[in-house]
file input.tsv (TSV, C-alpha atoms)
chain	number	residue	atom	x	y	z
A	1	MET	CA	-49.45	134.66	30.69
A	2	PRO	CA	-53.09	133.68	30.67
A	3	THR	CA	-53.97	130.59	32.63
A	4	LYS	CA	-56.44	128.21	31.01
A	5	THR	CA	-58.69	127.03	33.82
A	6	GLY	CA	-60.79	124.53	31.91
A	7	HIS	CA	-60.24	121.38	29.93
A	8	PRO	CA	-62.29	119.82	27.14
A	9	VAL	CA	-64.77	117.18	28.17
A	10	THR	CA	-67.32	115.24	26.22
A	11	GLY	CA	-70.60	116.89	27.26
A	12	LEU	CA	-71.25	120.58	27.78
A	13	SER	CA	-74.82	120.13	28.99
A	14	GLU	CA	-73.80	117.54	31.60
A	15	ASN	CA	-71.15	119.79	33.14
A	16	VAL	CA	-73.26	122.95	33.32
A	17	ALA	CA	-76.45	121.20	34.42
A	18	GLY	CA	-76.41	123.20	37.66
A	19	MET	CA	-76.44	126.52	35.79
A	20	ARG	CA	-79.56	128.34	34.68
A	21	THR	CA	-79.75	128.18	30.89
A	22	ASP	CA	-80.49	131.90	30.68
A	23	ARG	CA	-77.36	132.71	32.72
A	24	LEU	CA	-75.23	130.52	30.45
A	25	VAL	CA	-76.52	132.34	27.38
A	26	ALA	CA	-76.09	135.76	29.01
A	27	ILE	CA	-72.47	135.03	29.96
A	28	LEU	CA	-71.64	133.85	26.45
A	29	LEU	CA	-73.22	137.00	25.01
A	30	LEU	CA	-71.20	139.16	27.41
A	31	LEU	CA	-68.02	137.37	26.37
A	32	GLN	CA	-68.91	137.93	22.72
A	33	GLN	CA	-69.67	141.59	23.24
A	34	ARG	CA	-66.66	142.53	25.35
A	35	GLU	CA	-63.01	141.71	25.07
A	36	GLN	CA	-62.81	140.85	28.76
A	37	VAL	CA	-65.17	140.57	31.73
A	38	THR	CA	-64.62	140.14	35.44
A	39	ALA	CA	-66.69	138.11	37.86
A	40	THR	CA	-67.78	141.39	39.44
A	41	GLU	CA	-69.08	142.66	36.08
A	42	VAL	CA	-70.89	139.40	35.38
A	43	ALA	CA	-72.47	139.50	38.84
A	44	ARG	CA	-73.64	143.08	38.31
A	45	GLU	CA	-75.02	142.40	34.82
A	46	LEU	CA	-76.87	139.23	35.81
A	47	GLU	CA	-77.86	140.43	39.30
A	48	VAL	CA	-76.31	137.46	41.07
A	49	SER	CA	-73.61	137.19	43.71
A	50	GLU	CA	-69.92	137.28	42.74
A	51	ARG	CA	-69.65	133.76	44.13
A	52	THR	CA	-72.34	132.58	41.72
A	53	ALA	CA	-70.71	134.43	38.81
A	54	ARG	CA	-67.32	132.84	39.52
A	55	ARG	CA	-68.93	129.42	39.84
A	56	ASP	CA	-70.71	129.84	36.50
A	57	LEU	CA	-67.55	131.01	34.73
A	58	ASP	CA	-65.61	128.08	36.19
A	59	ALA	CA	-68.38	125.71	35.11
A	60	LEU	CA	-68.18	126.97	31.53
A	61	ALA	CA	-64.42	126.53	31.49
A	62	MET	CA	-64.58	123.05	33.02
A	63	ALA	CA	-67.19	122.10	30.42
A	64	GLY	CA	-64.75	122.86	27.63
A	65	VAL	CA	-66.12	126.24	26.51
A	66	PRO	CA	-63.01	128.11	25.29
A	67	VAL	CA	-62.82	130.73	28.04
A	68	TYR	CA	-59.78	131.44	30.15
A	69	SER	CA	-58.95	133.71	33.07
A	70	MET	CA	-56.25	136.38	33.19
A	71	GLN	CA	-54.81	136.44	36.69
A	72	GLY	CA	-53.53	139.47	38.57
A	73	ARG	CA	-54.26	143.18	38.34
A	74	GLY	CA	-56.40	144.04	35.35
A	75	GLY	CA	-57.32	140.39	34.87
A	76	GLY	CA	-60.62	138.88	33.91
A	77	TRP	CA	-62.21	136.29	31.66
A	78	ARG	CA	-61.84	136.12	27.87
A	79	LEU	CA	-62.78	133.89	24.98
A	80	VAL	CA	-59.85	132.12	23.37
A	81	GLY	CA	-58.57	134.21	20.50
A	82	GLY	CA	-60.11	137.38	21.91
A	83	ALA	CA	-63.26	136.76	19.85
A	84	ARG	CA	-65.71	139.65	19.99
A	85	THR	CA	-68.15	138.81	17.22
A	86	ASP	CA	-68.10	135.01	17.07
A	87	LEU	CA	-67.50	131.93	19.18
A	88	SER	CA	-64.71	130.62	16.99
A	89	GLY	CA	-63.10	128.76	19.90
A	90	LEU	CA	-65.99	126.29	20.11
A	91	THR	CA	-65.33	122.82	18.78
A	92	ALA	CA	-67.95	121.15	16.60
A	93	SER	CA	-69.06	118.83	19.42
A	94	GLU	CA	-69.30	121.76	21.85
A	95	ALA	CA	-71.43	123.74	19.42
A	96	ARG	CA	-73.76	120.77	18.90
A	97	ALA	CA	-74.11	120.27	22.66
A	98	LEU	CA	-74.82	123.94	23.28
A	99	PHE	CA	-77.46	124.28	20.59
A	100	LEU	CA	-79.37	121.21	21.72
A	101	VAL	CA	-80.61	123.67	24.35
A	102	ALA	CA	-82.31	125.64	21.56
A	103	GLY	CA	-84.22	122.67	20.19
A	104	PRO	CA	-87.85	121.66	20.65
A	105	ALA	CA	-86.92	119.11	23.33
A	106	SER	CA	-85.56	121.84	25.58
A	107	ALA	CA	-87.39	123.24	28.58
A	108	ALA	CA	-85.76	126.63	28.00
A	109	THR	CA	-88.01	129.65	27.60
A	110	PRO	CA	-88.75	130.99	24.09
A	111	ALA	CA	-86.51	134.00	24.78
A	112	VAL	CA	-83.58	131.73	25.68
A	113	LYS	CA	-84.11	129.63	22.57
A	114	ALA	CA	-84.26	132.76	20.43
A	115	ALA	CA	-80.97	133.99	21.92
A	116	LEU	CA	-79.29	130.68	21.20
A	117	ARG	CA	-80.56	130.66	17.63
A	118	LYS	CA	-79.02	134.10	17.16
A	119	LEU	CA	-75.74	132.69	18.42
A	120	VAL	CA	-75.87	130.13	15.61
A	121	HIS	CA	-75.23	132.91	13.11
A	122	ALA	CA	-72.12	134.01	15.03
A	123	LEU	CA	-70.50	130.60	14.60
A	124	PRO	CA	-67.93	129.87	11.91
A	125	GLU	CA	-69.47	128.33	8.80
A	126	PRO	CA	-68.15	124.77	9.42
A	127	PHE	CA	-70.00	124.62	12.76
A	128	ARG	CA	-73.16	126.49	11.79
A	129	ALA	CA	-74.86	123.67	9.91
A	130	GLN	CA	-74.18	121.17	12.68
A	131	ALA	CA	-75.45	123.60	15.34
A	132	GLU	CA	-78.64	124.18	13.37
A	133	ALA	CA	-79.04	120.43	12.90
A	134	ALA	CA	-78.59	119.87	16.65
A	135	ALA	CA	-81.31	122.39	17.42
A	136	SER	CA	-83.79	120.39	15.31
A	137	SER	CA	-82.57	116.84	15.98
A	138	LEU	CA	-84.82	116.00	18.93
A	139	VAL	CA	-88.55	116.24	19.52
A	140	MET	CA	-90.07	115.67	22.96
A	141	ASP	CA	-93.74	114.67	23.11
A	142	PRO	CA	-94.81	114.92	26.79
A	143	GLN	CA	-98.24	113.36	26.16
A	144	ARG	CA	-98.86	109.77	27.21
A	145	TRP	CA	-100.42	107.43	24.66
A	146	GLY	CA	-104.18	107.82	24.75
A	147	SER	CA	-104.11	111.06	26.73
A	148	SER	CA	-105.62	114.38	25.71
A	149	ARG	CA	-103.70	116.51	23.22
A	150	VAL	CA	-104.73	119.68	25.00
A	151	GLU	CA	-101.60	121.40	26.32
A	152	PRO	CA	-102.05	123.45	29.51
A	153	ARG	CA	-101.34	127.14	29.29
A	154	PRO	CA	-98.59	128.65	31.46
A	155	PRO	CA	-100.05	129.98	34.73
A	156	ARG	CA	-101.02	133.65	34.85
A	157	PHE	CA	-98.26	134.98	37.11
A	158	LEU	CA	-95.38	132.82	35.86
A	159	ASP	CA	-93.51	135.68	34.14
A	160	GLU	CA	-93.82	138.03	37.13
A	161	LEU	CA	-92.55	135.40	39.55
A	162	GLN	CA	-89.69	134.35	37.27
A	163	ASP	CA	-88.66	137.98	36.98
A	164	ALA	CA	-88.70	138.30	40.78
A	165	VAL	CA	-86.49	135.23	41.11
A	166	ILE	CA	-83.99	136.61	38.58
A	167	ARG	CA	-83.94	140.10	40.11
A	168	GLY	CA	-83.80	138.70	43.63
A	169	VAL	CA	-86.69	140.72	45.11
A	170	GLN	CA	-89.42	139.76	47.57
A	171	VAL	CA	-93.04	139.38	46.42
A	172	ARG	CA	-96.37	140.05	48.14
A	173	LEU	CA	-98.16	136.86	47.17
A	174	GLY	CA	-101.88	136.18	47.12
A	175	TYR	CA	-102.59	132.46	47.24
A	176	VAL	CA	-105.62	130.16	47.19
A	177	ASP	CA	-105.01	126.81	48.88
A	178	GLY	CA	-106.57	123.46	47.99
A	179	ASN	CA	-109.56	124.16	50.25
A	180	GLY	CA	-110.30	127.50	48.54
A	181	ALA	CA	-109.00	129.68	51.40
A	182	GLU	CA	-107.18	132.79	50.18
A	183	THR	CA	-104.23	134.26	52.06
A	184	GLU	CA	-101.60	136.93	51.43
A	185	ARG	CA	-97.99	136.88	52.57
A	186	THR	CA	-94.57	138.21	51.62
A	187	VAL	CA	-92.25	135.56	50.22
A	188	HIS	CA	-88.60	135.34	49.20
A	189	PRO	CA	-88.64	133.62	45.76
A	190	LEU	CA	-85.75	131.19	45.37
A	191	GLY	CA	-86.63	129.35	42.18
A	192	ILE	CA	-89.30	127.96	39.88
A	193	VAL	CA	-89.83	124.29	39.03
A	194	ALA	CA	-91.90	122.71	36.26
A	195	LYS	CA	-93.30	119.35	37.37
A	196	GLY	CA	-95.22	117.77	34.50
A	197	PRO	CA	-97.87	120.31	33.47
A	198	SER	CA	-97.68	122.17	36.81
A	199	TRP	CA	-95.39	125.02	37.87
A	200	TYR	CA	-94.19	125.60	41.42
A	201	LEU	CA	-92.54	128.53	43.22
A	202	VAL	CA	-89.98	127.58	45.88
A	203	SER	CA	-89.71	130.37	48.47
A	204	ASN	CA	-88.54	131.23	51.92
A	205	THR	CA	-91.27	132.59	54.21
A	206	GLU	CA	-91.60	133.57	57.86
A	207	ALA	CA	-92.75	129.98	58.47
A	208	GLY	CA	-89.76	128.46	56.67
A	209	ARG	CA	-89.30	127.14	53.15
A	210	ARG	CA	-92.59	126.68	51.31
A	211	THR	CA	-93.71	125.59	47.83
A	212	PHE	CA	-96.62	127.26	46.00
A	213	ARG	CA	-98.46	126.01	42.93
A	214	ILE	CA	-98.30	128.96	40.57
A	215	ASP	CA	-101.73	128.28	39.08
A	216	ARG	CA	-103.15	128.97	42.56
A	217	VAL	CA	-101.45	132.37	42.85
A	218	SER	CA	-104.12	135.10	42.83
A	219	SER	CA	-101.75	138.08	42.89
A	220	ALA	CA	-98.00	138.73	42.70
A	221	ASP	CA	-96.65	142.18	43.55
A	222	PRO	CA	-92.83	142.48	43.51
A	223	THR	CA	-91.28	144.77	46.12
A	224	ASP	CA	-87.94	146.57	46.19
A	225	ASP	CA	-86.73	144.50	49.16
A	226	PRO	CA	-83.97	141.99	48.38
A	227	VAL	CA	-84.48	138.26	48.79
A	228	HIS	CA	-82.67	136.61	51.67
A	229	ARG	CA	-81.14	133.68	49.81
A	230	PRO	CA	-79.07	131.08	51.71
A	231	ASP	CA	-75.51	130.88	50.37
A	232	ASP	CA	-75.71	127.10	50.08
A	233	PHE	CA	-79.15	126.98	48.44
A	234	ASP	CA	-79.38	124.59	45.48
A	235	LEU	CA	-82.72	124.58	43.68
A	236	ALA	CA	-82.35	121.09	42.21
A	237	GLU	CA	-81.42	119.54	45.55
A	238	SER	CA	-84.16	121.46	47.35
A	239	TRP	CA	-86.75	120.24	44.85
A	240	ARG	CA	-85.63	116.64	45.25
A	241	GLU	CA	-86.25	116.92	48.99
A	242	ILE	CA	-89.64	118.57	48.41
A	243	ALA	CA	-90.70	115.97	45.85
A	244	ASP	CA	-89.70	113.08	48.13
A	245	GLU	CA	-91.69	114.58	51.00
A	246	VAL	CA	-94.76	115.18	48.81
A	247	GLU	CA	-94.59	111.65	47.40
A	248	ARG	CA	-94.51	110.14	50.87
A	249	LYS	CA	-97.44	112.27	52.01
A	250	ARG	CA	-99.42	111.20	48.93
A	251	THR	CA	-98.73	107.53	49.60
A	252	PRO	CA	-98.48	107.12	53.39
A	253	LEU	CA	-99.45	103.43	53.51
A	254	GLU	CA	-96.75	100.76	53.29
A	255	ALA	CA	-97.47	97.16	52.33
A	256	GLN	CA	-94.96	94.35	52.78
A	257	ALA	CA	-94.76	91.57	50.21
A	258	ALA	CA	-92.61	88.80	48.78
A	259	CYS	CA	-92.07	88.85	45.03
A	260	ALA	CA	-90.79	86.23	42.61
A	261	PRO	CA	-87.53	87.45	41.01
A	262	GLN	CA	-89.08	87.58	37.53
A	263	GLY	CA	-91.76	89.95	38.80
A	264	ILE	CA	-89.44	92.66	40.12
A	265	GLY	CA	-89.24	94.36	36.72
A	266	VAL	CA	-93.04	94.53	36.53
A	267	LEU	CA	-93.17	96.09	40.01
A	268	ARG	CA	-90.55	98.67	39.07
A	269	MET	CA	-92.53	99.71	36.00
A	270	GLY	CA	-95.80	99.84	37.90
A	271	PHE	CA	-94.74	101.52	41.14
A	272	GLY	CA	-91.51	103.40	40.36
A	273	SER	CA	-90.22	105.27	43.42
A	274	ARG	CA	-93.02	103.77	45.54
A	275	LEU	CA	-91.19	100.44	45.48
A	276	GLU	CA	-88.37	99.51	47.87
A	277	VAL	CA	-86.55	96.27	47.12
A	278	GLY	CA	-85.04	94.32	50.01
A	279	GLY	CA	-83.19	91.07	50.44
A	280	SER	CA	-84.00	87.50	49.50
A	281	THR	CA	-86.23	85.20	51.53
A	282	THR	CA	-85.41	81.58	52.35
A	283	ASP	CA	-87.52	80.35	49.42
A	284	GLY	CA	-85.72	82.55	46.88
A	285	ARG	CA	-88.27	85.33	46.63
A	286	ILE	CA	-87.42	88.99	47.22
A	287	GLU	CA	-88.79	91.14	50.03
A	288	VAL	CA	-90.38	94.40	48.86
A	289	VAL	CA	-92.20	97.36	50.41
A	290	ILE	CA	-94.79	99.16	48.28
A	291	ARG	CA	-96.34	102.52	49.20
A	292	GLY	CA	-99.93	103.43	48.38
A	293	TYR	CA	-102.69	105.96	49.05
A	294	ASN	CA	-104.84	103.64	51.20
A	295	GLU	CA	-105.46	99.94	51.75
A	296	TYR	CA	-108.24	99.57	49.19
A	297	ALA	CA	-106.44	101.51	46.44
A	298	LEU	CA	-103.21	99.61	46.97
A	299	ALA	CA	-105.04	96.27	46.94
A	300	GLY	CA	-106.58	97.24	43.62
A	301	GLU	CA	-103.14	97.97	42.16
A	302	LEU	CA	-101.74	94.67	43.44
A	303	ALA	CA	-104.68	92.46	42.47
A	304	GLY	CA	-103.38	91.87	38.95
A	305	LEU	CA	-99.92	90.90	40.20
A	306	ILE	CA	-100.77	87.80	42.26
A	307	GLU	CA	-98.79	85.64	39.83
A	308	TRP	CA	-95.60	87.15	41.29
A	309	VAL	CA	-96.52	88.91	44.53
A	310	GLU	CA	-97.73	87.66	47.91
A	311	VAL	CA	-98.74	90.48	50.27
A	312	THR	CA	-97.76	89.71	53.87
A	313	GLY	CA	-99.13	92.85	55.51
A	314	PRO	CA	-100.89	94.87	56.65
A	315	PRO	CA	-103.94	92.62	57.20
A	316	GLY	CA	-106.30	95.25	55.72
A	317	VAL	CA	-104.63	95.03	52.30
A	318	ARG	CA	-104.85	91.22	52.38
A	319	ASP	CA	-108.54	91.43	53.30
A	320	HIS	CA	-109.25	93.77	50.39
A	321	LEU	CA	-107.35	91.47	48.03
A	322	ALA	CA	-109.46	88.52	49.20
A	323	SER	CA	-112.62	90.56	48.68
A	324	ILE	CA	-111.54	91.56	45.17
A	325	GLY	CA	-110.73	87.91	44.40
A	326	ASN	CA	-114.14	86.71	45.63
A	327	ALA	CA	-115.89	89.36	43.54
A	328	LEU	CA	-113.94	88.29	40.43
A	329	VAL	CA	-114.78	84.64	40.96
A	330	GLU	CA	-118.44	85.45	41.53
A	331	ARG	CA	-118.67	87.49	38.36
A	332	TYR	CA	-116.46	85.48	36.04
A	333	GLY	CA	-116.25	82.03	37.63

call {"tool": "encode", "arguments": {"input": "input.tsv", "output": "structure tokens"}}
result
Amino acid sequence: MPTKTGHPVTGLSENVAGMRTDRLVAILLLLQQREQVTATEVARELEVSERTARRDLDALAMAGVPVYSMQGRGGGWRLVGGARTDLSGLTASEARALFLVAGPASAATPAVKAALRKLVHALPEPFRAQAEAAASSLVMDPQRWGSSRVEPRPPRFLDELQDAVIRGVQVRLGYVDGNGAETERTVHPLGIVAKGPSWYLVSNTEAGRRTFRIDRVSSADPTDDPVHRPDDFDLAESWREIADEVERKRTPLEAQAACAPQGIGVLRMGFGSRLEVGGSTTDGRIEVVIRGYNEYALAGELAGLIEWVEVTGPPGVRDHLASIGNALVERYG
């Protein structure tokens, strides 16, 4: 008897957040096309390890997608009902969650969105309208108020590097650093991250794990040599570590201060992850640490917050605040 390995849950996207969207779509298409697939076949088709294929299939099942595994000799994975031309096992809520990926708010590539839109037409009629509505129910406008409407173009070598990541092959990479110096090296692409308008390639190199801004790549020549990818590598977790390190390098200075409780919300909005909130002082204020680029720049950011914040150190920040205050009094007093 087939063993159902998954159970319905409320949010498909939440439970498969660790999967690449293009792999999710590819697996669903394989399940549509064939009566049964094995983890080995999925791994071969998608050019990933069997471990990754099994993890992705399990993730789909745990997310409530109607797939189940047949155990034993001749076993594999199937859609409930043996569906070959539709996804009739999907519930209405599952279909809506899946096709949110195809909407304008999604970061998926145009090819992925196109594939998902094609899947809409394979759904039973009762679900099709809701899936189409889900795909057009959200709009994401990444521009801040008052900022330019010019949208940056994708960097020149983005497609080549994404293809190398998917195929798991090394790349001879030409790169121009922030000082204009050009170098060439062979890298092991592990993943690509979009950070605001910028794109980054996360790679292993002879010098360890490195991150490259893709708009600074001057050449990208894929090789036939396979990438050496750590078994425990997780792109999202790796990027969190990279982003934390970059943020600390960008804001190496730490200022100590005491803040009135009603001002903590203002500090959180203004400084975000650069703010660390501590315990209470004897007079009821709250100890905070705020990171900045340098003493003068941080004093400038804090100057408008004196109603709530008293900077206790370092002395250089206090001196700059006093200088800014004297200049304001002289000009406007």

call {"tool": "residues_around", "arguments": {"input": "input.tsv", "residues": "Arg240 in chain A", "least_positions_apart": "6", "cutoff": "12 Å", "atoms": "all atoms listed in the file", "output": "list in words"}}
result
Val193, Lys195, Val202, Asp234, Val246 and Glu247 of chain A

call {"tool": "closest_residue", "arguments": {"input": "input.tsv", "among": "A:Asn294, A:Ala236, A:Gln262, A:Val288", "to": "Lys249 in chain A", "atoms": "all atoms listed in the file"}}
result
A:Asn294

call {"tool": "atom_distance", "arguments": {"input": "input.tsv", "atom1": "CA of Arg34 in chain A", "atom2": "CA of Glu47 in chain A"}}
result
18.0 Å

call {"tool": "residues_near_point", "arguments": {"input": "input.tsv", "point": "(-85.6, 86.6, 49.5)", "cutoff": "12 Å", "atoms": "only C-alpha atoms", "output": "PyMOL selection string"}}
result
chain A and resi 257-261+264+277-288

call {"tool": "residues_around", "arguments": {"input": "input.tsv", "residues": "range 314-320 of chain A", "least_positions_apart": "5", "cutoff": "7 Å", "atoms": "all atoms listed in the file", "output": "list in words"}}
result
Ala255, Glu295, Tyr296 and Ala299 of chain A

call {"tool": "decode", "arguments": {"input": "input.tsv", "residues": "range 149-178 of chain A", "atoms": "N, CA and C atoms", "output": "PDB file, in the first residue's frame"}}
result
ATOM      1  N   ARG A 149      12.634  56.498 -10.414  1.00  0.00           N
ATOM      2  CA  ARG A 149      11.854  55.387 -10.949  1.00  0.00           C
ATOM      3  C   ARG A 149      12.665  54.516 -11.893  1.00  0.00           C
ATOM      4  N   VAL A 150      13.924  54.867 -12.104  1.00  0.00           N
ATOM      5  CA  VAL A 150      14.749  54.088 -13.011  1.00  0.00           C
ATOM      6  C   VAL A 150      15.079  52.749 -12.356  1.00  0.00           C
ATOM      7  N   GLU A 151      14.739  51.654 -13.016  1.00  0.00           N
ATOM      8  CA  GLU A 151      15.019  50.326 -12.492  1.00  0.00           C
ATOM      9  C   GLU A 151      16.319  49.804 -13.090  1.00  0.00           C
ATOM     10  N   PRO A 152      17.246  49.346 -12.248  1.00  0.00           N
ATOM     11  CA  PRO A 152      18.525  48.860 -12.768  1.00  0.00           C
ATOM     12  C   PRO A 152      18.344  47.615 -13.628  1.00  0.00           C
ATOM     13  N   ARG A 153      19.158  47.503 -14.655  1.00  0.00           N
ATOM     14  CA  ARG A 153      19.115  46.316 -15.486  1.00  0.00           C
ATOM     15  C   ARG A 153      19.852  45.159 -14.808  1.00  0.00           C
ATOM     16  N   PRO A 154      19.461  43.923 -15.091  1.00  0.00           N
ATOM     17  CA  PRO A 154      20.215  42.793 -14.547  1.00  0.00           C
ATOM     18  C   PRO A 154      21.651  42.847 -15.038  1.00  0.00           C
ATOM     19  N   PRO A 155      22.620  42.465 -14.213  1.00  0.00           N
ATOM     20  CA  PRO A 155      24.022  42.510 -14.635  1.00  0.00           C
ATOM     21  C   PRO A 155      24.288  41.592 -15.824  1.00  0.00           C
ATOM     22  N   ARG A 156      25.332  41.897 -16.546  1.00  0.00           N
ATOM     23  CA  ARG A 156      25.619  41.266 -17.838  1.00  0.00           C
ATOM     24  C   ARG A 156      25.736  39.751 -17.751  1.00  0.00           C
ATOM     25  N   PHE A 157      26.437  39.240 -16.752  1.00  0.00           N
ATOM     26  CA  PHE A 157      26.734  37.808 -16.715  1.00  0.00           C
ATOM     27  C   PHE A 157      25.822  37.026 -15.764  1.00  0.00           C
ATOM     28  N   LEU A 158      24.679  37.607 -15.400  1.00  0.00           N
ATOM     29  CA  LEU A 158      23.786  36.939 -14.456  1.00  0.00           C
ATOM     30  C   LEU A 158      23.319  35.583 -14.976  1.00  0.00           C
ATOM     31  N   ASP A 159      22.869  35.515 -16.222  1.00  0.00           N
ATOM     32  CA  ASP A 159      22.348  34.253 -16.769  1.00  0.00           C
ATOM     33  C   ASP A 159      23.420  33.181 -16.810  1.00  0.00           C
ATOM     34  N   GLU A 160      24.637  33.537 -17.243  1.00  0.00           N
ATOM     35  CA  GLU A 160      25.714  32.551 -17.326  1.00  0.00           C
ATOM     36  C   GLU A 160      26.061  31.992 -15.942  1.00  0.00           C
ATOM     37  N   LEU A 161      26.097  32.867 -14.954  1.00  0.00           N
ATOM     38  CA  LEU A 161      26.457  32.416 -13.612  1.00  0.00           C
ATOM     39  C   LEU A 161      25.332  31.600 -12.980  1.00  0.00           C
ATOM     40  N   GLN A 162      24.085  31.989 -13.229  1.00  0.00           N
ATOM     41  CA  GLN A 162      22.971  31.193 -12.718  1.00  0.00           C
ATOM     42  C   GLN A 162      22.974  29.807 -13.345  1.00  0.00           C
ATOM     43  N   ASP A 163      23.264  29.740 -14.632  1.00  0.00           N
ATOM     44  CA  ASP A 163      23.332  28.446 -15.302  1.00  0.00           C
ATOM     45  C   ASP A 163      24.448  27.587 -14.703  1.00  0.00           C
ATOM     46  N   ALA A 164      25.586  28.207 -14.372  1.00  0.00           N
ATOM     47  CA  ALA A 164      26.688  27.452 -13.771  1.00  0.00           C
ATOM     48  C   ALA A 164      26.316  26.919 -12.399  1.00  0.00           C
ATOM     49  N   VAL A 165      25.571  27.721 -11.624  1.00  0.00           N
ATOM     50  CA  VAL A 165      25.110  27.264 -10.315  1.00  0.00           C
ATOM     51  C   VAL A 165      24.194  26.053 -10.478  1.00  0.00           C
ATOM     52  N   ILE A 166      23.250  26.145 -11.406  1.00  0.00           N
ATOM     53  CA  ILE A 166      22.271  25.063 -11.596  1.00  0.00           C
ATOM     54  C   ILE A 166      22.946  23.797 -12.100  1.00  0.00           C
ATOM     55  N   ARG A 167      23.892  23.948 -13.048  1.00  0.00           N
ATOM     56  CA  ARG A 167      24.570  22.773 -13.600  1.00  0.00           C
ATOM     57  C   ARG A 167      25.675  22.260 -12.690  1.00  0.00           C
ATOM     58  N   GLY A 168      26.090  23.070 -11.718  1.00  0.00           N
ATOM     59  CA  GLY A 168      27.108  22.640 -10.780  1.00  0.00           C
ATOM     60  C   GLY A 168      28.489  22.541 -11.390  1.00  0.00           C
ATOM     61  N   VAL A 169      28.886  23.550 -12.190  1.00  0.00           N
ATOM     62  CA  VAL A 169      30.208  23.541 -12.821  1.00  0.00           C
ATOM     63  C   VAL A 169      31.001  24.773 -12.379  1.00  0.00           C
ATOM     64  N   GLN A 170      32.329  24.616 -12.362  1.00  0.00           N
ATOM     65  CA  GLN A 170      33.210  25.712 -11.995  1.00  0.00           C
ATOM     66  C   GLN A 170      33.245  26.767 -13.108  1.00  0.00           C
ATOM     67  N   VAL A 171      33.665  27.974 -12.751  1.00  0.00           N
ATOM     68  CA  VAL A 171      33.694  29.102 -13.682  1.00  0.00           C
ATOM     69  C   VAL A 171      35.033  29.825 -13.558  1.00  0.00           C
ATOM     70  N   ARG A 172      35.641  30.139 -14.711  1.00  0.00           N
ATOM     71  CA  ARG A 172      36.792  31.040 -14.730  1.00  0.00           C
ATOM     72  C   ARG A 172      36.236  32.463 -14.736  1.00  0.00           C
ATOM     73  N   LEU A 173      36.478  33.171 -13.652  1.00  0.00           N
ATOM     74  CA  LEU A 173      35.810  34.442 -13.401  1.00  0.00           C
ATOM     75  C   LEU A 173      36.793  35.604 -13.497  1.00  0.00           C
ATOM     76  N   GLY A 174      36.477  36.563 -14.366  1.00  0.00           N
ATOM     77  CA  GLY A 174      37.188  37.834 -14.373  1.00  0.00           C
ATOM     78  C   GLY A 174      36.442  38.817 -13.504  1.00  0.00           C
ATOM     79  N   TYR A 175      37.178  39.572 -12.668  1.00  0.00           N
ATOM     80  CA  TYR A 175      36.505  40.405 -11.678  1.00  0.00           C
ATOM     81  C   TYR A 175      37.266  41.697 -11.464  1.00  0.00           C
ATOM     82  N   VAL A 176      36.535  42.805 -11.368  1.00  0.00           N
ATOM     83  CA  VAL A 176      37.112  44.124 -11.106  1.00  0.00           C
ATOM     84  C   VAL A 176      36.684  44.553  -9.708  1.00  0.00           C
ATOM     85  N   ASP A 177      37.659  44.741  -8.807  1.00  0.00           N
ATOM     86  CA  ASP A 177      37.299  45.081  -7.429  1.00  0.00           C
ATOM     87  C   ASP A 177      36.966  46.567  -7.295  1.00  0.00           C
ATOM     88  N   GLY A 178      36.659  46.993  -6.075  1.00  0.00           N
ATOM     89  CA  GLY A 178      36.237  48.361  -5.847  1.00  0.00           C
ATOM     90  C   GLY A 178      37.295  49.398  -6.154  1.00  0.00           C
TER      91      GLY A 178
END
